[in-house]
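Peer 1: Pasting model-v4.pdb below, which is PDB, C-alpha atoms.
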ATOM      1  CA  MET A   1       0.000   0.000   0.000  1.00  0.00           C
ATOM      2  CA  ASP A   2       1.575   3.253  -1.192  1.00  0.00           C
ATOM      3  CA  ILE A   3      -0.833   5.457   0.778  1.00  0.00           C
ATOM      4  CA  LYS A   4       0.237   6.090   4.366  1.00  0.00           C
ATOM      5  CA  LEU A   5      -1.977   8.107   6.690  1.00  0.00           C
ATOM      6  CA  ASN A   6      -1.542   9.351  10.244  1.00  0.00           C
ATOM      7  CA  SER A   7      -4.220   8.855  12.895  1.00  0.00           C
ATOM      8  CA  THR A   8      -5.926  12.198  12.207  1.00  0.00           C
ATOM      9  CA  GLU A   9      -6.060  11.585   8.465  1.00  0.00           C
ATOM     10  CA  VAL A  10      -7.467   8.101   9.110  1.00  0.00           C
ATOM     11  CA  ARG A  11     -10.255   9.554  11.256  1.00  0.00           C
ATOM     12  CA  VAL A  12     -11.079  12.365   8.798  1.00  0.00           C
ATOM     13  CA  LEU A  13     -11.168  10.021   5.799  1.00  0.00           C
ATOM     14  CA  GLY A  14     -13.226   7.421   7.654  1.00  0.00           C
ATOM     15  CA  SER A  15     -15.728  10.060   8.789  1.00  0.00           C
ATOM     16  CA  LEU A  16     -16.189  11.385   5.241  1.00  0.00           C
ATOM     17  CA  VAL A  17     -16.838   7.884   3.889  1.00  0.00           C
ATOM     18  CA  GLU A  18     -19.217   7.065   6.747  1.00  0.00           C
ATOM     19  CA  LYS A  19     -21.360  10.173   6.288  1.00  0.00           C
ATOM     20  CA  GLU A  20     -21.614   9.652   2.538  1.00  0.00           C
ATOM     21  CA  LEU A  21     -22.949   6.126   3.136  1.00  0.00           C
ATOM     22  CA  THR A  22     -25.182   6.783   6.162  1.00  0.00           C
ATOM     23  CA  THR A  23     -26.477  10.352   5.655  1.00  0.00           C
ATOM     24  CA  PRO A  24     -26.029  11.193   1.959  1.00  0.00           C
ATOM     25  CA  GLU A  25     -28.543  14.033   2.267  1.00  0.00           C
ATOM     26  CA  TYR A  26     -26.047  15.938   4.464  1.00  0.00           C
ATOM     27  CA  TYR A  27     -22.971  15.089   2.392  1.00  0.00           C
ATOM     28  CA  PRO A  28     -20.488  16.678   1.458  1.00  0.00           C
ATOM     29  CA  LEU A  29     -19.599  18.027   4.903  1.00  0.00           C
ATOM     30  CA  SER A  30     -18.751  21.481   6.165  1.00  0.00           C
ATOM     31  CA  LEU A  31     -15.667  21.814   8.353  1.00  0.00           C
ATOM     32  CA  ASN A  32     -17.839  22.053  11.465  1.00  0.00           C
ATOM     33  CA  SER A  33     -19.885  18.976  10.552  1.00  0.00           C
ATOM     34  CA  LEU A  34     -16.761  17.009   9.685  1.00  0.00           C
ATOM     35  CA  THR A  35     -15.072  17.929  12.969  1.00  0.00           C
ATOM     36  CA  ASN A  36     -18.179  16.827  14.886  1.00  0.00           C
ATOM     37  CA  ALA A  37     -18.207  13.574  12.917  1.00  0.00           C
ATOM     38  CA  CYS A  38     -14.547  12.945  13.755  1.00  0.00           C
ATOM     39  CA  ASN A  39     -15.184  13.539  17.466  1.00  0.00           C
ATOM     40  CA  GLN A  40     -18.477  11.690  17.913  1.00  0.00           C
ATOM     41  CA  LYS A  41     -18.508   9.087  20.677  1.00  0.00           C
ATOM     42  CA  SER A  42     -20.470   6.370  18.861  1.00  0.00           C
ATOM     43  CA  ASN A  43     -18.867   4.070  16.290  1.00  0.00           C
ATOM     44  CA  ARG A  44     -15.381   5.375  17.077  1.00  0.00           C
ATOM     45  CA  ASP A  45     -12.344   3.720  18.638  1.00  0.00           C
ATOM     46  CA  PRO A  46     -10.571   5.558  20.033  1.00  0.00           C
ATOM     47  CA  VAL A  47     -12.796   8.570  20.744  1.00  0.00           C
ATOM     48  CA  MET A  48     -10.902  11.687  19.686  1.00  0.00           C
ATOM     49  CA  ALA A  49     -11.134  15.430  20.381  1.00  0.00           C
ATOM     50  CA  LEU A  50      -9.789  17.040  17.224  1.00  0.00           C
ATOM     51  CA  THR A  51      -9.796  20.787  16.693  1.00  0.00           C
ATOM     52  CA  GLU A  52     -10.940  22.347  13.420  1.00  0.00           C
ATOM     53  CA  GLU A  53      -7.328  23.338  12.762  1.00  0.00           C
ATOM     54  CA  GLU A  54      -6.219  19.702  13.040  1.00  0.00           C
ATOM     55  CA  VAL A  55      -9.000  18.640  10.682  1.00  0.00           C
ATOM     56  CA  VAL A  56      -7.985  21.329   8.170  1.00  0.00           C
ATOM     57  CA  ARG A  57      -4.370  20.115   8.212  1.00  0.00           C
ATOM     58  CA  ALA A  58      -5.565  16.546   7.665  1.00  0.00           C
ATOM     59  CA  LEU A  59      -7.809  17.653   4.783  1.00  0.00           C
ATOM     60  CA  ASP A  60      -4.905  19.479   3.150  1.00  0.00           C
ATOM     61  CA  SER A  61      -2.763  16.352   3.433  1.00  0.00           C
ATOM     62  CA  LEU A  62      -5.550  14.125   2.077  1.00  0.00           C
ATOM     63  CA  ARG A  63      -6.059  16.510  -0.828  1.00  0.00           C
ATOM     64  CA  PHE A  64      -2.338  16.299  -1.628  1.00  0.00           C
ATOM     65  CA  LYS A  65      -2.709  12.481  -1.611  1.00  0.00           C
ATOM     66  CA  GLN A  66      -5.752  12.788  -3.917  1.00  0.00           C
ATOM     67  CA  LEU A  67      -8.116  11.385  -1.295  1.00  0.00           C
ATOM     68  CA  SER A  68     -10.268  14.469  -0.654  1.00  0.00           C
ATOM     69  CA  VAL A  69     -11.385  17.654  -2.396  1.00  0.00           C
ATOM     70  CA  ILE A  70     -13.483  20.742  -1.752  1.00  0.00           C
ATOM     71  CA  SER A  71     -16.891  20.060  -3.219  1.00  0.00           C
ATOM     72  CA  ALA A  72     -17.892  22.000  -6.324  1.00  0.00           C
ATOM     73  CA  ASP A  73     -21.517  22.140  -5.184  1.00  0.00           C
ATOM     74  CA  GLY A  74     -21.181  25.769  -4.125  1.00  0.00           C
ATOM     75  CA  GLY A  75     -22.922  27.195  -1.072  1.00  0.00           C
ATOM     76  CA  ARG A  76     -21.993  29.747   1.534  1.00  0.00           C
ATOM     77  CA  VAL A  77     -19.329  27.604   3.235  1.00  0.00           C
ATOM     78  CA  PRO A  78     -16.787  25.179   1.743  1.00  0.00           C
ATOM     79  CA  LYS A  79     -17.757  21.521   1.923  1.00  0.00           C
ATOM     80  CA  TYR A  80     -15.516  18.489   1.675  1.00  0.00           C
ATOM     81  CA  ARG A  81     -15.846  15.059   0.135  1.00  0.00           C
ATOM     82  CA  HIS A  82     -13.555  12.057  -0.201  1.00  0.00           C
ATOM     83  CA  LEU A  83     -12.154  10.474  -3.358  1.00  0.00           C
ATOM     84  CA  LEU A  84     -11.508   7.016  -1.915  1.00  0.00           C
ATOM     85  CA  ALA A  85     -13.849   5.146  -4.242  1.00  0.00           C
ATOM     86  CA  GLU A  86     -12.670   6.969  -7.368  1.00  0.00           C
ATOM     87  CA  LYS A  87      -8.969   6.626  -6.568  1.00  0.00           C
ATOM     88  CA  LEU A  88      -9.050   2.972  -5.517  1.00  0.00           C
ATOM     89  CA  GLY A  89     -11.956   1.676  -7.595  1.00  0.00           C
ATOM     90  CA  LEU A  90     -14.114   0.590  -4.666  1.00  0.00           C
ATOM     91  CA  VAL A  91     -17.736  -0.538  -4.722  1.00  0.00           C
ATOM     92  CA  PRO A  92     -20.045   0.426  -1.783  1.00  0.00           C
ATOM     93  CA  ALA A  93     -19.552  -2.904   0.026  1.00  0.00           C
ATOM     94  CA  GLU A  94     -15.778  -2.469  -0.042  1.00  0.00           C
ATOM     95  CA  GLN A  95     -16.073   1.172   1.021  1.00  0.00           C
ATOM     96  CA  SER A  96     -18.144   0.214   4.066  1.00  0.00           C
ATOM     97  CA  VAL A  97     -15.581  -2.354   5.216  1.00  0.00           C
ATOM     98  CA  ILE A  98     -12.640   0.009   4.827  1.00  0.00           C
ATOM     99  CA  CYS A  99     -14.625   2.781   6.522  1.00  0.00           C
ATOM    100  CA  GLU A 100     -15.374   0.591   9.540  1.00  0.00           C
ATOM    101  CA  LEU A 101     -11.717  -0.409   9.859  1.00  0.00           C
ATOM    102  CA  LEU A 102     -10.637   3.234   9.599  1.00  0.00           C
ATOM    103  CA  LEU A 103     -13.066   4.309  12.322  1.00  0.00           C
ATOM    104  CA  ARG A 104     -12.744   1.439  14.815  1.00  0.00           C
ATOM    105  CA  GLY A 105      -9.523  -0.395  14.084  1.00  0.00           C
ATOM    106  CA  PRO A 106      -9.007  -4.180  13.726  1.00  0.00           C
ATOM    107  CA  GLN A 107     -12.159  -6.316  13.898  1.00  0.00           C
ATOM    108  CA  THR A 108     -13.318  -9.888  13.309  1.00  0.00           C
ATOM    109  CA  VAL A 109     -15.438 -10.856  10.328  1.00  0.00           C
ATOM    110  CA  GLY A 110     -18.494 -11.127  12.606  1.00  0.00           C
ATOM    111  CA  GLU A 111     -17.942  -7.671  14.076  1.00  0.00           C
ATOM    112  CA  LEU A 112     -17.499  -6.196  10.618  1.00  0.00           C
ATOM    113  CA  ARG A 113     -20.661  -7.780   9.272  1.00  0.00           C
ATOM    114  CA  THR A 114     -22.725  -6.444  12.183  1.00  0.00           C
ATOM    115  CA  ARG A 115     -21.229  -2.954  12.219  1.00  0.00           C
ATOM    116  CA  CYS A 116     -21.159  -2.436   8.454  1.00  0.00           C
ATOM    117  CA  GLU A 117     -24.900  -3.110   8.108  1.00  0.00           C
ATOM    118  CA  ARG A 118     -25.685   0.554   8.792  1.00  0.00           C
ATOM    119  CA  MET A 119     -23.671   1.479   5.687  1.00  0.00           C
ATOM    120  CA  HIS A 120     -24.226  -1.492   3.369  1.00  0.00           C
ATOM    121  CA  PRO A 121     -26.284  -4.708   3.762  1.00  0.00           C
ATOM    122  CA  PHE A 122     -24.468  -8.051   3.906  1.00  0.00           C
ATOM    123  CA  GLY A 123     -26.653 -11.126   3.619  1.00  0.00           C
ATOM    124  CA  ASP A 124     -24.433 -13.395   5.703  1.00  0.00           C
ATOM    125  CA  LEU A 125     -20.873 -13.960   6.876  1.00  0.00           C
ATOM    126  CA  SER A 126     -19.868 -15.507   3.556  1.00  0.00           C
ATOM    127  CA  ALA A 127     -20.813 -12.279   1.767  1.00  0.00           C
ATOM    128  CA  MET A 128     -18.570 -10.336   4.144  1.00  0.00           C
ATOM    129  CA  GLU A 129     -15.755 -12.876   3.744  1.00  0.00           C
ATOM    130  CA  GLU A 130     -15.940 -12.494  -0.034  1.00  0.00           C
ATOM    131  CA  VAL A 131     -15.465  -8.738   0.240  1.00  0.00           C
ATOM    132  CA  LEU A 132     -12.577  -9.169   2.671  1.00  0.00           C
ATOM    133  CA  LYS A 133     -10.929 -11.643   0.319  1.00  0.00           C
ATOM    134  CA  GLU A 134     -11.272  -9.209  -2.575  1.00  0.00           C
ATOM    135  CA  LEU A 135      -9.679  -6.392  -0.568  1.00  0.00           C
ATOM    136  CA  MET A 136      -6.777  -8.618   0.502  1.00  0.00           C
ATOM    137  CA  GLU A 137      -6.116  -9.978  -2.983  1.00  0.00           C
ATOM    138  CA  ARG A 138      -5.693  -6.640  -4.732  1.00  0.00           C
ATOM    139  CA  GLU A 139      -2.334  -6.089  -6.411  1.00  0.00           C
ATOM    140  CA  SER A 140      -1.686  -3.693  -3.539  1.00  0.00           C
ATOM    141  CA  PRO A 141      -3.795  -5.088  -0.637  1.00  0.00           C
ATOM    142  CA  PHE A 142      -5.981  -2.657   1.301  1.00  0.00           C
ATOM    143  CA  ILE A 143      -6.465  -4.858   4.368  1.00  0.00           C
ATOM    144  CA  ALA A 144      -4.666  -7.696   6.158  1.00  0.00           C
ATOM    145  CA  LEU A 145      -5.634 -10.507   8.531  1.00  0.00           C
ATOM    146  CA  MET A 146      -3.787 -10.077  11.813  1.00  0.00           C
ATOM    147  CA  PRO A 147      -2.541 -13.028  13.893  1.00  0.00           C
ATOM    148  CA  ARG A 148      -5.201 -14.657  16.048  1.00  0.00           C
ATOM    149  CA  GLN A 149      -5.404 -13.310  19.580  1.00  0.00           C
ATOM    150  CA  PRO A 150      -4.539 -15.811  22.342  1.00  0.00           C
ATOM    151  CA  GLY A 151      -7.759 -17.312  23.673  1.00  0.00           C
ATOM    152  CA  ARG A 152      -9.784 -16.130  20.660  1.00  0.00           C
ATOM    153  CA  LYS A 153     -11.169 -18.267  17.849  1.00  0.00           C
ATOM    154  CA  GLU A 154     -10.844 -15.640  15.130  1.00  0.00           C
ATOM    155  CA  GLY A 155      -8.198 -13.306  13.816  1.00  0.00           C
ATOM    156  CA  ARG A 156      -8.987  -9.666  13.161  1.00  0.00           C
ATOM    157  CA  TYR A 157      -8.768  -7.684   9.945  1.00  0.00           C
ATOM    158  CA  ALA A 158      -6.961  -4.331   9.798  1.00  0.00           C
ATOM    159  CA  GLN A 159      -6.716  -1.591   7.173  1.00  0.00           C
ATOM    160  CA  LEU A 160      -3.309  -0.933   5.618  1.00  0.00           C
ATOM    161  CA  PHE A 161      -3.620   2.827   5.094  1.00  0.00           C
ATOM    162  CA  SER A 162      -1.754   3.367   8.379  1.00  0.00           C
ATOM    163  CA  GLU A 163       0.694   1.340  10.458  1.00  0.00           C
ATOM    164  CA  LEU A 164      -0.634  -1.906  11.890  1.00  0.00           C
ATOM    165  CA  PRO A 165      -0.965  -1.805  15.691  1.00  0.00           C
ATOM    166  CA  GLU A 166       1.740  -3.576  17.649  1.00  0.00           C
ATOM    167  CA  ALA A 167       0.607  -7.034  18.719  1.00  0.00           C
ATOM    168  CA  GLY A 168       1.276  -6.301  22.362  1.00  0.00           C
ATOM    169  CA  ASP A 169      -0.603  -3.007  22.307  1.00  0.00           C
ATOM    170  CA  ASP A 170      -3.434  -4.455  20.290  1.00  0.00           C
ATOM    171  CA  TYR A 171      -3.962  -7.563  22.351  1.00  0.00           C
ATOM    172  CA  ALA A 172      -3.136  -6.488  25.876  1.00  0.00           C
ATOM    173  CA  GLU A 173      -5.968  -6.066  28.305  1.00  0.00           C
ATOM    174  CA  LYS A 174      -6.348  -2.370  29.004  1.00  0.00           C
ATOM    175  CA  ALA A 175      -6.379  -1.477  32.676  1.00  0.00           C
ATOM    176  CA  PRO A 176      -9.503   0.547  33.488  1.00  0.00           C
ATOM    177  CA  GLU A 177      -9.015   4.210  34.344  1.00  0.00           C
ATOM    178  CA  ALA A 178      -9.218   5.307  37.974  1.00  0.00           C
ATOM    179  CA  ALA A 179     -12.609   6.925  37.373  1.00  0.00           C
ATOM    180  CA  ARG A 180     -13.935   3.723  35.813  1.00  0.00           C
ATOM    181  CA  GLN A 181     -12.629   1.681  38.738  1.00  0.00           C
ATOM    182  CA  ARG A 182     -14.514   3.983  41.120  1.00  0.00           C
ATOM    183  CA  VAL A 183     -17.692   3.635  39.057  1.00  0.00           C
ATOM    184  CA  MET A 184     -17.309  -0.151  38.992  1.00  0.00           C
ATOM    185  CA  ALA A 185     -16.836  -0.227  42.762  1.00  0.00           C
ATOM    186  CA  GLU A 186     -19.882   2.004  43.256  1.00  0.00           C
ATOM    187  CA  ASN A 187     -21.968  -0.190  40.951  1.00  0.00           C
ATOM    188  CA  GLU A 188     -20.912  -3.288  42.875  1.00  0.00           C
ATOM    189  CA  ARG A 189     -21.814  -1.597  46.171  1.00  0.00           C
ATOM    190  CA  ILE A 190     -25.234  -0.565  44.860  1.00  0.00           C
ATOM    191  CA  ALA A 191     -25.893  -4.054  43.461  1.00  0.00           C
ATOM    192  CA  LYS A 192     -25.016  -5.578  46.843  1.00  0.00           C
ATOM    193  CA  LEU A 193     -27.335  -3.150  48.649  1.00  0.00           C
ATOM    194  CA  GLU A 194     -30.136  -3.984  46.221  1.00  0.00           C
ATOM    195  CA  GLU A 195     -29.670  -7.690  46.916  1.00  0.00           C
ATOM    196  CA  GLU A 196     -29.806  -7.022  50.661  1.00  0.00           C
ATOM    197  CA  VAL A 197     -32.964  -4.909  50.311  1.00  0.00           C
ATOM    198  CA  THR A 198     -34.623  -7.639  48.245  1.00  0.00           C
ATOM    199  CA  ALA A 199     -33.715 -10.236  50.866  1.00  0.00           C
ATOM    200  CA  LEU A 200     -35.132  -8.018  53.633  1.00  0.00           C
ATOM    201  CA  GLN A 201     -38.351  -7.480  51.676  1.00  0.00           C
ATOM    202  CA  VAL A 202     -38.795 -11.235  51.334  1.00  0.00           C
ATOM    203  CA  GLU A 203     -38.111 -11.688  55.043  1.00  0.00           C
ATOM    204  CA  VAL A 204     -40.632  -8.982  55.997  1.00  0.00           C
ATOM    205  CA  ALA A 205     -43.247 -10.536  53.706  1.00  0.00           C
ATOM    206  CA  ASN A 206     -42.706 -13.932  55.368  1.00  0.00           C
ATOM    207  CA  LEU A 207     -42.999 -12.386  58.817  1.00  0.00           C
ATOM    208  CA  ARG A 208     -46.257 -10.672  57.853  1.00  0.00           C
ATOM    209  CA  GLN A 209     -47.657 -13.950  56.583  1.00  0.00           C
ATOM    210  CA  LEU A 210     -46.678 -15.693  59.834  1.00  0.00           C
ATOM    211  CA  MET A 211     -48.280 -12.883  61.834  1.00  0.00           C
ATOM    212  CA  GLU A 212     -51.517 -13.144  59.862  1.00  0.00           C
ATOM    213  CA  GLU A 213     -51.609 -16.911  60.417  1.00  0.00           C
ATOM    214  CA  PHE A 214     -50.940 -16.392  64.126  1.00  0.00           C
ATOM    215  CA  LYS A 215     -53.803 -13.871  64.437  1.00  0.00           C
ATOM    216  CA  LYS A 216     -56.237 -16.244  62.742  1.00  0.00           C
ATOM    217  CA  GLN A 217     -55.727 -18.732  65.582  1.00  0.00           C
ATOM    218  CA  PHE A 218     -57.483 -16.303  67.986  1.00  0.00           C
ATOM    219  CA  GLU A 219     -60.367 -15.266  65.765  1.00  0.00           C
TER     220      GLU A 219
END
Here is the file; what I need is its structure written in the form of structure tokens.
Peer 2:
Amino acid sequence: MDIKLNSTEVRVLGSLVEKELTTPEYYPLSLNSLTNACNQKSNRDPVMALTEEEVVRALDSLRFKQLSVISADGGRVPKYRHLLAEKLGLVPAEQSVICELLLRGPQTVGELRTRCERMHPFGDLSAMEEVLKELMERESPFIALMPRQPGRKEGRYAQLFSELPEAGDDYAEKAPEAARQRVMAENERIAKLEEEVTALQVEVANLRQLMEEFKKQFE
């Protein structure tokens, strides 16, 4: 793969492709809309907080690499679109797979089939596997199958527009942040309290029933 992108360019390109496939009525995108798309919390891994200046620099770099242009549609503000399909000769199914890998990193065939459905329908896993095979067998492959994770049945596919993640970084269990540890501890404490309350409610109900039966003996 001759094209090499940094993490910001990967996110900008992936966001442009996604919005064309999911919300074509709002595509091409203004700088503000594109920045919001890059920073959205859903369907992104990792979640980023890019500034408009960072997005502009990425757009300039992508334009130099013939992967994006300013739309000729006119309007009061410039709008941007990608050239991924035209440059690489991709059909919508292939675009959706590459887009998902750009936005969320390496994934299994099952994950890709589920997550790509919002952009392009895949009838079954074999349909997804056929697209993956096509992308890997190009003269210059666009994706690669990474080594299988220890303890996992399947390997994961990764896009080749940027550097592949290091195996150790990609596979290692991530330690939860301090804030998440506190939330987890609080959730465990609340769950335990709820169990205790439920047990007390059952005990009170049993005591009431025993009391009613005891009263009936003197009626």
Peer 1: Atom CA of A:Lys19 and atom CA of A:Arg138 are how many Å apart?
Peer 2: 25.5 Å
Peer 1: Pick from A:Gly105, A:Glu94, A:Thr35, A:Glu219: nearest to A:Glu130, with all atoms listed in the file counted?
Peer 2: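 Selected residue with least distance to A:Glu130: A:Glu94.
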Peer 1: For this file, the PyMOL selection byres ((chain A and resi 114) around 12) selects which residues, as a list in words?
Peer 2: Asn43, Ser96, Val97, Glu100, Gln107, Thr108, Val109, Gly110, Glu111, Leu112, Arg113, Arg115, Cys116, Glu117, Arg118, Met119, His120, Pro121, Phe122, Gly123, Asp124, Leu125 and Met128 of chain A
Peer 1: Please list as a PyMOL selection string every residue within 10 Å of stretch 60-62 of chain A, counting only C-alpha atoms and excluding residues in the same chain fewer than 4 positions away.
Peer 2: chain A and resi 3+5-6+9-10+12-13+54-56+66-70+82-83
Peer 1: Pull C-alpha atoms from the residues just selected and write them as a PDB file, in the frame of the given file.
Peer 2:
ATOM      1  CA  ILE A   3      -0.833   5.457   0.778  1.00  0.00           C
ATOM      2  CA  LEU A   5      -1.977   8.107   6.690  1.00  0.00           C
ATOM      3  CA  ASN A   6      -1.542   9.351  10.244  1.00  0.00           C
ATOM      4  CA  GLU A   9      -6.060  11.585   8.465  1.00  0.00           C
ATOM      5  CA  VAL A  10      -7.467   8.101   9.110  1.00  0.00           C
ATOM      6  CA  VAL A  12     -11.079  12.365   8.798  1.00  0.00           C
ATOM      7  CA  LEU A  13     -11.168  10.021   5.799  1.00  0.00           C
ATOM      8  CA  GLU A  54      -6.219  19.702  13.040  1.00  0.00           C
ATOM      9  CA  VAL A  55      -9.000  18.640  10.682  1.00  0.00           C
ATOM     10  CA  VAL A  56      -7.985  21.329   8.170  1.00  0.00           C
ATOM     11  CA  GLN A  66      -5.752  12.788  -3.917  1.00  0.00           C
ATOM     12  CA  LEU A  67      -8.116  11.385  -1.295  1.00  0.00           C
ATOM     13  CA  SER A  68     -10.268  14.469  -0.654  1.00  0.00           C
ATOM     14  CA  VAL A  69     -11.385  17.654  -2.396  1.00  0.00           C
ATOM     15  CA  ILE A  70     -13.483  20.742  -1.752  1.00  0.00           C
ATOM     16  CA  HIS A  82     -13.555  12.057  -0.201  1.00  0.00           C
ATOM     17  CA  LEU A  83     -12.154  10.474  -3.358  1.00  0.00           C
TER      18      LEU A  83
END
Peer 1: Have a look at atom CA of A:Lys79 and atom CA of A:Leu29 and let me know their distance in Å, one decimal.
Peer 2: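 For atom CA of A:Lys79 relative to atom CA of A:Leu29, the distance reads 4.9 Å.
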Peer 1: Considering only C-alpha atoms, state which residue in the set A:Val17, A:Val47, A:Leu31, A:Val183 is at the smallest distance from A:Val77.
Peer 2: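 Closest to A:Val77, using only C-alpha atoms: A:Leu31.
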Peer 1: What gap, in Å, lies between atom CA of A:Ser30 and atom CA of A:Pro106?
Peer 2: 28.5 Å
Peer 1: Let me make sure I understand: among A:Asn36, A:Asn206, A:Lys65, A:Gln149, which one has the smallest atom-to-atom distance to A:Met48 if we use all atoms listed in the file?
Peer 2: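 Using all atoms listed in the file, A:Met48 sits closest to A:Asn36.
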Peer 1: Given the file shown, determine the residues that the PyMOL selection byres ((chain A and resi 157) around 6) selects; report them as number ranges by chain.
Peer 2: A: 106-107, 144-146, 156, 158
Peer 1: Which of these, A:Leu160, A:Val197, A:Ala185, A:Ala191, has the shortest distance to A:Lys4 once you count all atoms listed in the file?
Peer 2: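 Looking at the shortest contact to A:Lys4, the residue is A:Leu160.
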Peer 1: Tell me which of A:Gln217, A:Asn39, A:Ser126, A:Gln159 sits closest to A:Gln95, counting all atoms listed in the file.
Peer 2: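 Comparing A:Gln217, A:Asn39, A:Ser126, A:Gln159 against A:Gln95, the winner is A:Gln159.
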Peer 1: Report as a VMD selection string the full result of the PyMOL selection byres ((chain A and resi 142) around 7) when it is applied to this structure.
Peer 2: chain A and resid 1 135 to 136 140 to 141 143 159 to 160
Peer 1: Please return as a list in words every residue within 10 Å of (-12.0, 7.6, 17.8), taking into account all atoms listed in the file and the file's own coordinates.
Peer 2: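 Within 10 Å of (-12.0, 7.6, 17.8), the protein and nucleic acid residues are Ser7, Thr8, Val10, Arg11, Ala37, Cys38, Asn39, Gln40, Lys41, Ser42, Asn43, Arg44, Asp45, Pro46, Val47, Met48, Ala49, Leu50, Leu102, Leu103, Arg104 and Gly105 of chain A.
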